[in-house]
Structure formats: C-alpha cells, structure tokens
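Next up, structure_0.csv (CSV, C-alpha atoms):
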chain,number,residue,atom,x,y,z
A,1,MET,CA,37.4,-65.1,-0.7
A,2,ILE,CA,39.8,-64.1,2.0
A,3,GLU,CA,38.4,-63.5,5.4
A,4,ALA,CA,40.5,-61.9,8.2
A,5,LYS,CA,38.8,-62.3,11.6
A,6,ASN,CA,39.9,-60.3,14.6
A,7,LEU,CA,43.6,-60.4,13.8
A,8,THR,CA,46.0,-59.3,16.5
A,9,LYS,CA,49.8,-59.3,16.3
A,10,SER,CA,52.4,-57.6,18.5
A,11,PHE,CA,56.2,-57.5,18.4
A,12,ASP,CA,58.2,-56.8,21.6
A,13,GLY,CA,55.1,-55.3,23.2
A,14,ILE,CA,54.2,-53.1,20.2
A,15,ASN,CA,50.8,-53.7,18.6
A,16,ALA,CA,51.2,-54.0,14.9
A,17,ALA,CA,47.6,-55.2,14.4
A,18,ARG,CA,44.7,-54.8,16.7
A,19,GLY,CA,41.5,-56.8,16.1
A,20,ILE,CA,41.6,-56.4,12.4
A,21,SER,CA,38.6,-57.9,10.4
A,22,MET,CA,38.0,-57.5,6.7
A,23,THR,CA,36.6,-59.5,3.8
A,24,ILE,CA,38.3,-59.6,0.4
A,25,LYS,CA,35.9,-60.8,-2.4
A,26,GLU,CA,37.0,-62.7,-5.4
A,27,ASN,CA,37.7,-61.1,-8.8
A,28,SER,CA,38.1,-57.6,-7.4
A,29,VAL,CA,41.2,-55.4,-6.7
A,30,PHE,CA,41.5,-54.8,-3.0
A,31,GLY,CA,43.7,-51.8,-1.9
A,32,LEU,CA,45.2,-51.8,1.5
A,33,ILE,CA,46.2,-48.3,2.4
A,34,GLY,CA,48.2,-47.0,5.3
A,35,THR,CA,51.4,-45.1,6.4
A,36,ASN,CA,54.6,-46.9,7.2
A,37,GLY,CA,53.9,-48.6,10.6
A,38,ALA,CA,50.2,-48.8,10.1
A,39,GLY,CA,50.2,-52.6,10.0
A,40,LYS,CA,49.9,-53.3,6.2
A,41,SER,CA,52.9,-55.6,5.9
A,42,THR,CA,51.9,-57.5,9.1
A,43,VAL,CA,48.4,-58.0,7.9
A,44,LEU,CA,49.5,-59.2,4.4
A,45,ARG,CA,52.0,-61.6,6.0
A,46,MET,CA,49.3,-63.0,8.2
A,47,MET,CA,47.0,-63.4,5.2
A,48,ALA,CA,49.8,-65.2,3.3
A,49,GLY,CA,50.4,-67.5,6.3
A,50,VAL,CA,53.9,-66.3,6.8
A,51,LEU,CA,53.1,-64.9,10.3
A,52,LYS,CA,50.8,-66.6,12.8
A,53,PRO,CA,48.4,-64.2,14.5
A,54,ASP,CA,48.5,-63.9,18.3
A,55,ASP,CA,44.8,-64.0,18.1
A,56,GLY,CA,42.2,-64.4,15.3
A,57,ILE,CA,42.3,-66.3,12.0
A,58,VAL,CA,42.7,-65.9,8.3
A,59,LEU,CA,40.5,-68.1,6.0
A,60,VAL,CA,41.4,-68.5,2.3
A,61,ASP,CA,38.3,-70.0,0.5
A,62,ASN,CA,37.2,-71.2,4.0
A,63,LEU,CA,40.6,-72.9,4.7
A,64,PRO,CA,42.7,-71.6,7.6
A,65,VAL,CA,45.9,-70.3,5.9
A,66,TYR,CA,48.5,-70.7,8.6
A,67,ASP,CA,50.5,-73.9,8.3
A,68,ASN,CA,48.1,-75.2,5.6
A,69,MET,CA,49.7,-76.0,2.2
A,70,HIS,CA,46.3,-76.4,0.5
A,71,ALA,CA,45.4,-72.8,1.4
A,72,LYS,CA,48.8,-71.4,0.6
A,73,ALA,CA,48.7,-73.0,-2.9
A,74,ARG,CA,46.0,-70.6,-3.7
A,75,LEU,CA,48.0,-67.4,-3.2
A,76,PHE,CA,51.4,-65.8,-4.1
A,77,PHE,CA,52.9,-63.3,-1.7
A,78,ILE,CA,55.3,-60.5,-3.0
A,79,ALA,CA,57.1,-58.8,-0.1
A,80,ASP,CA,58.1,-55.1,-0.1
A,81,GLU,CA,61.7,-56.4,-0.8
A,82,PRO,CA,61.2,-59.6,-2.8
A,83,TYR,CA,63.3,-62.6,-1.7
A,84,PHE,CA,65.3,-64.6,-4.2
A,85,PHE,CA,67.9,-67.3,-3.6
A,86,LEU,CA,71.5,-66.2,-3.3
A,87,ASN,CA,73.2,-66.0,-6.7
A,88,ALA,CA,70.0,-67.2,-8.4
A,89,THR,CA,69.0,-66.2,-12.0
A,90,PRO,CA,65.4,-65.8,-13.2
A,91,LYS,CA,65.8,-69.2,-14.8
A,92,ASP,CA,66.8,-70.7,-11.4
A,93,MET,CA,63.7,-69.1,-9.8
A,94,GLN,CA,61.5,-70.5,-12.5
A,95,LYS,CA,62.6,-74.0,-11.7
A,96,TYR,CA,61.8,-73.4,-8.0
A,97,TYR,CA,58.4,-71.8,-8.6
A,98,SER,CA,57.5,-74.6,-11.0
A,99,SER,CA,58.1,-77.1,-8.2
A,100,VAL,CA,55.9,-75.2,-5.8
A,101,TYR,CA,53.1,-74.1,-8.0
A,102,ARG,CA,51.7,-76.9,-10.2
A,103,GLU,CA,50.1,-74.6,-12.7
A,104,PHE,CA,53.1,-72.3,-13.1
A,105,ASP,CA,53.2,-71.1,-16.7
A,106,ARG,CA,56.8,-71.4,-17.9
A,107,GLU,CA,56.1,-70.2,-21.5
A,108,ARG,CA,54.4,-67.1,-20.3
A,109,TYR,CA,57.1,-66.5,-17.7
A,110,TYR,CA,59.9,-66.3,-20.3
A,111,LEU,CA,57.6,-64.2,-22.6
A,112,TYR,CA,57.2,-61.6,-19.9
A,113,LEU,CA,60.9,-61.7,-19.1
A,114,SER,CA,61.5,-60.8,-22.7
A,115,ARG,CA,58.9,-58.0,-22.8
A,116,PHE,CA,60.2,-56.5,-19.6
A,117,GLY,CA,63.8,-56.7,-20.8
A,118,LEU,CA,65.0,-59.1,-18.0
A,119,GLU,CA,67.7,-61.5,-18.9
A,120,SER,CA,66.9,-65.1,-17.8
A,121,ARG,CA,70.5,-66.0,-17.1
A,122,ARG,CA,71.6,-62.8,-15.3
A,123,ARG,CA,72.1,-62.9,-11.6
A,124,ILE,CA,69.2,-61.3,-9.8
A,125,SER,CA,71.6,-59.7,-7.3
A,126,THR,CA,72.7,-57.4,-10.1
A,127,PHE,CA,69.1,-56.2,-10.8
A,128,SER,CA,67.9,-52.8,-9.7
A,129,LYS,CA,65.1,-52.5,-7.1
A,130,GLY,CA,62.6,-51.9,-9.9
A,131,MET,CA,63.8,-54.9,-11.9
A,132,LYS,CA,63.5,-57.2,-8.8
A,133,LYS,CA,59.9,-56.0,-8.4
A,134,GLN,CA,59.1,-56.7,-12.0
A,135,LEU,CA,60.5,-60.2,-11.7
A,136,ALA,CA,58.5,-60.9,-8.6
A,137,ILE,CA,55.3,-59.6,-10.2
A,138,ILE,CA,56.0,-61.8,-13.3
A,139,ALA,CA,56.5,-64.8,-11.1
A,140,GLY,CA,53.3,-64.1,-9.2
A,141,ILE,CA,51.2,-63.8,-12.3
A,142,CYS,CA,52.7,-66.9,-13.9
A,143,SER,CA,52.1,-69.0,-10.8
A,144,ASN,CA,48.4,-68.8,-11.7
A,145,THR,CA,47.2,-68.6,-8.1
A,146,ARG,CA,43.8,-67.2,-7.3
A,147,TYR,CA,45.2,-64.5,-5.1
A,148,LEU,CA,48.2,-62.2,-5.4
A,149,LEU,CA,49.3,-60.4,-2.3
A,150,CYS,CA,51.5,-57.4,-3.1
A,151,ASP,CA,53.3,-55.3,-0.5
A,152,GLU,CA,54.1,-51.8,-2.1
A,153,THR,CA,53.9,-53.3,-5.6
A,154,PHE,CA,54.5,-50.1,-7.5
A,155,ASP,CA,57.3,-48.7,-5.3
A,156,GLY,CA,60.4,-48.6,-7.4
A,157,LEU,CA,58.6,-48.9,-10.7
A,158,ASP,CA,58.5,-46.0,-13.2
A,159,PRO,CA,55.2,-44.6,-14.4
A,160,VAL,CA,55.2,-46.6,-17.7
A,161,MET,CA,55.9,-49.8,-15.9
A,162,ARG,CA,53.2,-49.1,-13.3
A,163,GLN,CA,50.6,-48.8,-16.0
A,164,SER,CA,52.0,-52.0,-17.7
A,165,VAL,CA,51.5,-54.0,-14.4
A,166,LYS,CA,48.0,-52.6,-13.9
A,167,SER,CA,47.1,-53.6,-17.5
A,168,ILE,CA,48.4,-57.1,-16.8
A,169,PHE,CA,46.3,-57.3,-13.7
A,170,ALA,CA,43.2,-56.2,-15.6
A,171,GLN,CA,43.9,-58.8,-18.4
A,172,GLU,CA,44.3,-61.6,-15.8
A,173,MET,CA,41.0,-60.7,-14.2
A,174,GLU,CA,39.3,-60.9,-17.5
A,175,GLU,CA,40.7,-64.3,-18.4
A,176,ARG,CA,40.6,-66.2,-15.1
A,177,ALA,CA,39.7,-66.1,-11.4
A,178,PHE,CA,42.2,-63.6,-10.1
A,179,THR,CA,42.2,-61.3,-7.1
A,180,PRO,CA,45.1,-58.8,-6.5
A,181,ILE,CA,45.5,-57.5,-2.9
A,182,ILE,CA,47.7,-54.4,-3.1
A,183,ALA,CA,49.2,-52.7,-0.1
A,184,SER,CA,50.4,-49.1,-0.5
A,185,HIS,CA,51.2,-46.0,1.5
A,186,ASN,CA,49.9,-43.8,-1.3
A,187,LEU,CA,46.2,-43.5,-2.3
A,188,ARG,CA,47.1,-42.0,-5.7
A,189,GLU,CA,48.9,-45.1,-6.8
A,190,LEU,CA,45.6,-47.1,-6.5
A,191,GLU,CA,43.3,-44.5,-7.9
A,192,ASP,CA,42.6,-46.2,-11.2
A,193,ILE,CA,42.7,-49.8,-10.2
A,194,CYS,CA,41.0,-50.7,-7.0
A,195,ASP,CA,37.4,-51.8,-6.5
A,196,HIS,CA,37.5,-51.9,-2.7
A,197,VAL,CA,39.9,-50.1,-0.3
A,198,GLY,CA,40.7,-50.8,3.4
A,199,LEU,CA,42.4,-48.0,5.3
A,200,LEU,CA,44.7,-49.0,8.2
A,201,HIS,CA,45.8,-46.6,10.9
A,202,GLN,CA,47.9,-47.4,14.0
A,203,GLY,CA,47.2,-51.2,13.6
A,204,GLY,CA,43.5,-50.9,13.2
A,205,VAL,CA,40.9,-50.7,10.4
A,206,LEU,CA,39.8,-47.1,10.0
A,207,LEU,CA,37.6,-47.8,7.0
A,208,SER,CA,36.8,-50.6,4.5
A,209,LYS,CA,34.4,-49.9,1.7
A,210,ASP,CA,33.5,-50.6,-1.9
A,211,LEU,CA,34.7,-47.7,-4.0
A,212,GLU,CA,31.7,-47.8,-6.4
A,213,GLU,CA,29.3,-47.7,-3.5
A,214,MET,CA,31.1,-44.7,-2.0
A,215,LYS,CA,31.2,-42.9,-5.4
A,216,LEU,CA,27.4,-43.4,-5.8
A,217,ASN,CA,26.6,-41.9,-2.4
A,218,ILE,CA,28.9,-38.8,-2.3
A,219,GLN,CA,29.0,-36.0,-4.9
A,220,LYS,CA,31.2,-32.9,-5.6
A,221,VAL,CA,29.3,-29.9,-6.8
A,222,GLN,CA,30.6,-26.5,-8.0
A,223,CYS,CA,28.0,-23.8,-8.0
A,224,VAL,CA,27.2,-20.1,-8.1
A,225,ILE,CA,23.8,-19.3,-6.4
A,226,SER,CA,21.9,-16.1,-7.1
A,227,ASP,CA,21.4,-14.8,-3.5
A,228,LYS,CA,22.0,-15.7,0.1
A,229,ALA,CA,18.4,-16.8,0.7
A,230,GLN,CA,18.6,-19.3,-2.2
A,231,GLU,CA,22.0,-20.4,-1.0
A,232,ALA,CA,20.7,-21.1,2.5
A,233,ASN,CA,17.8,-23.1,1.1
A,234,VAL,CA,20.1,-25.2,-1.0
A,235,LEU,CA,22.5,-25.9,1.9
A,236,ALA,CA,19.6,-26.9,4.1
A,237,SER,CA,18.4,-29.4,1.5
A,238,LEU,CA,21.7,-31.1,1.3
A,239,ASP,CA,23.8,-33.3,3.6
A,240,VAL,CA,26.9,-31.2,3.3
A,241,VAL,CA,30.2,-32.8,4.3
A,242,ARG,CA,32.5,-30.0,3.1
A,243,CYS,CA,32.1,-26.5,1.8
A,244,ASP,CA,34.8,-24.4,0.2
A,245,ARG,CA,34.4,-20.9,-1.2
A,246,ARG,CA,36.3,-18.8,-3.6
A,247,GLY,CA,34.5,-15.6,-4.2
A,248,SER,CA,31.0,-16.4,-5.4
A,249,LEU,CA,32.0,-20.0,-6.4
A,250,MET,CA,31.1,-22.7,-3.9
A,251,THR,CA,32.6,-26.2,-4.0
A,252,LEU,CA,30.5,-28.6,-2.0
A,253,THR,CA,31.0,-32.3,-1.1
A,254,VAL,CA,27.6,-33.7,-0.3
A,255,ARG,CA,26.1,-37.1,0.6
A,256,GLY,CA,23.4,-38.6,-1.6
A,257,THR,CA,23.0,-39.9,-5.1
A,258,ARG,CA,23.8,-37.9,-8.2
A,259,GLU,CA,20.1,-37.7,-9.1
A,260,GLU,CA,19.1,-36.5,-5.6
A,261,THR,CA,21.8,-33.8,-5.7
A,262,ILE,CA,20.9,-32.6,-9.2
A,263,ALA,CA,17.2,-32.3,-8.2
A,264,VAL,CA,18.1,-29.9,-5.4
A,265,PHE,CA,20.1,-27.6,-7.6
A,266,ALA,CA,17.6,-27.8,-10.6
A,267,ALA,CA,14.8,-26.6,-8.3
A,268,ALA,CA,16.9,-23.6,-7.0
A,269,ASP,CA,17.8,-20.3,-8.7
A,270,CYS,CA,21.4,-21.1,-9.6
A,271,LEU,CA,23.5,-19.1,-12.0
A,272,PHE,CA,25.7,-22.1,-12.5
A,273,TYR,CA,26.1,-25.7,-11.1
A,274,GLU,CA,28.0,-28.7,-12.1
A,275,VAL,CA,28.3,-32.2,-10.5
A,276,LEU,CA,31.9,-33.5,-10.8
A,277,PRO,CA,33.5,-36.9,-10.2
A,278,LEU,CA,35.5,-37.2,-7.0
A,279,SER,CA,39.0,-38.5,-6.8
A,280,LEU,CA,39.8,-41.4,-4.4
A,281,GLU,CA,41.6,-38.9,-2.3
A,282,GLU,CA,38.6,-36.6,-2.0
A,283,ILE,CA,36.3,-39.6,-1.2
A,284,PHE,CA,38.6,-40.7,1.6
A,285,ILE,CA,39.1,-37.2,3.0
A,286,SER,CA,35.3,-36.9,3.4
A,287,GLU,CA,34.8,-40.3,4.8
A,288,THR,CA,37.5,-40.1,7.4
A,289,GLU,CA,36.9,-36.6,8.5
A,290,VAL,CA,33.5,-37.7,9.7
A,291,HIS,CA,35.3,-40.0,12.1
A,292,GLY,CA,37.6,-37.2,13.3
A,293,TYR,CA,40.7,-38.1,11.2
A,294,ASP,CA,42.7,-36.0,8.8
A,295,ILE,CA,43.6,-38.4,6.0
A,296,LYS,CA,46.0,-35.8,4.5
A,297,LYS,CA,48.2,-36.4,7.5
A,298,ILE,CA,47.8,-40.2,7.4
A,299,VAL,CA,48.3,-41.5,3.9
A,300,LEU,CA,48.8,-38.8,1.3
A,301,GLY,CA,52.5,-39.0,0.5

Translate this structure into structure tokens?
Amino acid sequence: MIEAKNLTKSFDGINAARGISMTIKENSVFGLIGTNGAGKSTVLRMMAGVLKPDDGIVLVDNLPVYDNMHAKARLFFIADEPYFFLNATPKDMQKYYSSVYREFDRERYYLYLSRFGLESRRRISTFSKGMKKQLAIIAGICSNTRYLLCDETFDGLDPVMRQSVKSIFAQEMEERAFTPIIASHNLRELEDICDHVGLLHQGGVLLSKDLEEMKLNIQKVQCVISDKAQEANVLASLDVVRCDRRGSLMTLTVRGTREETIAVFAAADCLFYEVLPLSLEEIFISETEVHGYDIKKIVLG
C-alpha cells in the first residue's frame, strides 16, 4: 500500500501540491487524473522518492520512500519523457536495470522487445516517442516491482498498443502482486482499466473514490412518463443529480442503488424506462458538479 500524507511542494513560490493525502491499495489500478499543471507529475515524483516533499510524507508498505533504497526497490517510475543513458541500446538498459532490480526478468524483457518490434541493439535515441514509452513500460514490467508509477503512460501510443499495454497490466495483476498507478490528463484513457481514481485540480485532491462504489450508488435512467403529475411524483422520490430533456424523453442521473431506482419507476405509470450504465466521464461530471466544479473544463481533453 502507498500512503501519501499531507504532501506539499512548491517551486519558486508556486504551489504544485497542497496538502495532498490519498491511499493506494495493493492489487488495484489507481488512476491519477488532472490537467497539465494540476500536480500529477509532482505527486508521482514524490511517491517515487525522486522529489522530497516540503511537508508531509509518502509511505510505501509502511516505509518512508524518500532516500530509502528498501522502499524504492518496491517501485518503478516511468516519467512522462522516459530517461535513458546517452547512446544506450535496450540491451545496455537491461544490464543497468538488472543491476538495480534483483528480480529483473531478462528472458521476458527480450521476449517483449521482440513482440513490440524493438531492436535490442539499436540506439534508443533513434526511437520514436511511442517506442521509448513502450521500452520504458517493458522495463517497468520486467523489473517485477510491486508498484509501477506511470506518468502519461498512454500518451504517444497508438490505440492498438494502448490495449496491448492494458492487457499486460491485467495479466501481471493476475499472476503476482502488482499495482499500476497511472497519471493522465484524459479520463477516457482510463475508462476501462482503473479500479480507483483520484482527481487533482490546482495542486489539491478534488475527489478520490473507488469506481465500483461510485457506479453502485449512481444511476442513469432514460424514461418517458405518462403525465406531469406522475413525473413530479417520480422526481420527488429520487435524488436527482442531473435532468436532461429531449421532447418527452427524460435522461436522469440519480443517486441510489440500481434496485432502489428501478423500484421507483416500476411503481409509477411509465410509458418507458431503462437503467443504463454510466461512463467514467458521466460519473465524474455528477460527482464534481456537486462540489461546484465543471469537470468538462478541467480534465476532458
């Protein structure tokens, strides 16, 4: 488990992180969402022990991470622009990573290089941005650390490669103790992979919740109700977060379980109703609007 407690960091008088606290549980995929400048990279670097917080502490499995080799051995950090040695090849980087991470899997490393079409003896400086990202992800996976911290992991990857990486993450989680922490400026990139999402805005945590828990307690309903009196009764019986109308069709976002929501509509005189799954975007729009924020202006790129 990774625990961030009251993290604060500023650069030249500008607050990059302000009292950030969050808990990342093991064997789950944690998504860290926020616009450029929201503090994602700063938070990840403090979690990785690259930056020292001005205040607060990061614990990795109850060990303080900064200046602690035992804590750092449990994680692998992939920066937005991965760093490789000057004139190095993937083979050179394998030798380095093997010296740092005792459980580095050389055989699987070269297997993934072959699958991704990356030449082991080619200079990394000649790789494209996407190829460098692929190499960094391969190295992170093969290091066999418990935690993989990824800053804008999918930026620069084509759609097929993104799905391949997500599949690899899922496979790793099935086979061993593995927790990816993925920072992104785009909710849609994390739609189908995250278990828990933290939303950063202007250096602070706006929201941090388990997605399954959110999905269980908020519903989207499309309905056509027979008359205005029935409609008023239905709306009064629900905790309505959002209501959109197109002619006689209403689309409601309501708080409550699926069973509770269905019971209200089943008891009413409805010409039609259907409870639909919400997208991650819709969930976050409803959650953040309650706090007075328009997430469409914050993180939907």

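Between atom CA of Leu249 of chain A and atom CA of Leu216 of chain A the interatomic distance comes to 23.9 Å.
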
Closest-contact table, segment 227-256 of chain A side, partner segment 269-281 of chain A, 10 Å, counting all atoms listed in the file, as CSV:
residue,atom,partner,partner_atom,distance
A:Asp227,CA,A:Asp269,CA,8.4
A:Gln230,CA,A:Asp269,CA,6.6
A:Glu231,CA,A:Cys270,CA,8.6
A:Val234,CA,A:Asp269,CA,9.4
A:Leu249,CA,A:Phe272,CA,9.0
A:Met250,CA,A:Tyr273,CA,9.3
A:Thr251,CA,A:Tyr273,CA,9.6
A:Leu252,CA,A:Val275,CA,9.5
A:Thr253,CA,A:Leu278,CA,8.9

List the neighbours of segment 153-160 of chain A out to 9 Å using all atoms listed in the file; skip same-chain residues closer than 3 positions along the sequence, and give me the result as a PyMOL selection string. chain A and resi 78-80+128-131+133-134+137+150+163-165+182-184+189

Please dump the current selection as an mmCIF file, in the coordinates of the input; keep C-alpha atoms.
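File out-v6.cif, as written:
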data_model
loop_
_atom_site.group_PDB
_atom_site.id
_atom_site.type_symbol
_atom_site.label_atom_id
_atom_site.label_comp_id
_atom_site.auth_asym_id
_atom_site.auth_seq_id
_atom_site.Cartn_x
_atom_site.Cartn_y
_atom_site.Cartn_z
ATOM 1 C CA ILE A 78 55.300 -60.500 -3.000
ATOM 2 C CA ALA A 79 57.100 -58.800 -0.100
ATOM 3 C CA ASP A 80 58.100 -55.100 -0.100
ATOM 4 C CA SER A 128 67.900 -52.800 -9.700
ATOM 5 C CA LYS A 129 65.100 -52.500 -7.100
ATOM 6 C CA GLY A 130 62.600 -51.900 -9.900
ATOM 7 C CA MET A 131 63.800 -54.900 -11.900
ATOM 8 C CA LYS A 133 59.900 -56.000 -8.400
ATOM 9 C CA GLN A 134 59.100 -56.700 -12.000
ATOM 10 C CA ILE A 137 55.300 -59.600 -10.200
ATOM 11 C CA CYS A 150 51.500 -57.400 -3.100
ATOM 12 C CA GLN A 163 50.600 -48.800 -16.000
ATOM 13 C CA SER A 164 52.000 -52.000 -17.700
ATOM 14 C CA VAL A 165 51.500 -54.000 -14.400
ATOM 15 C CA ILE A 182 47.700 -54.400 -3.100
ATOM 16 C CA ALA A 183 49.200 -52.700 -0.100
ATOM 17 C CA SER A 184 50.400 -49.100 -0.500
ATOM 18 C CA GLU A 189 48.900 -45.100 -6.800
#

Selection: 8 Å around Asp54 of chain A, only C-alpha atoms, excl. self and same-chain fewer than 6 positions, as a PyMOL selection string: chain A and resi 7-10

Near-Ile181 of chain A list (9 Å; all atoms listed in the file; drop same-chain fewer than 3 positions) as a ChimeraX atom specification: /A:24,28-32,44,147-151
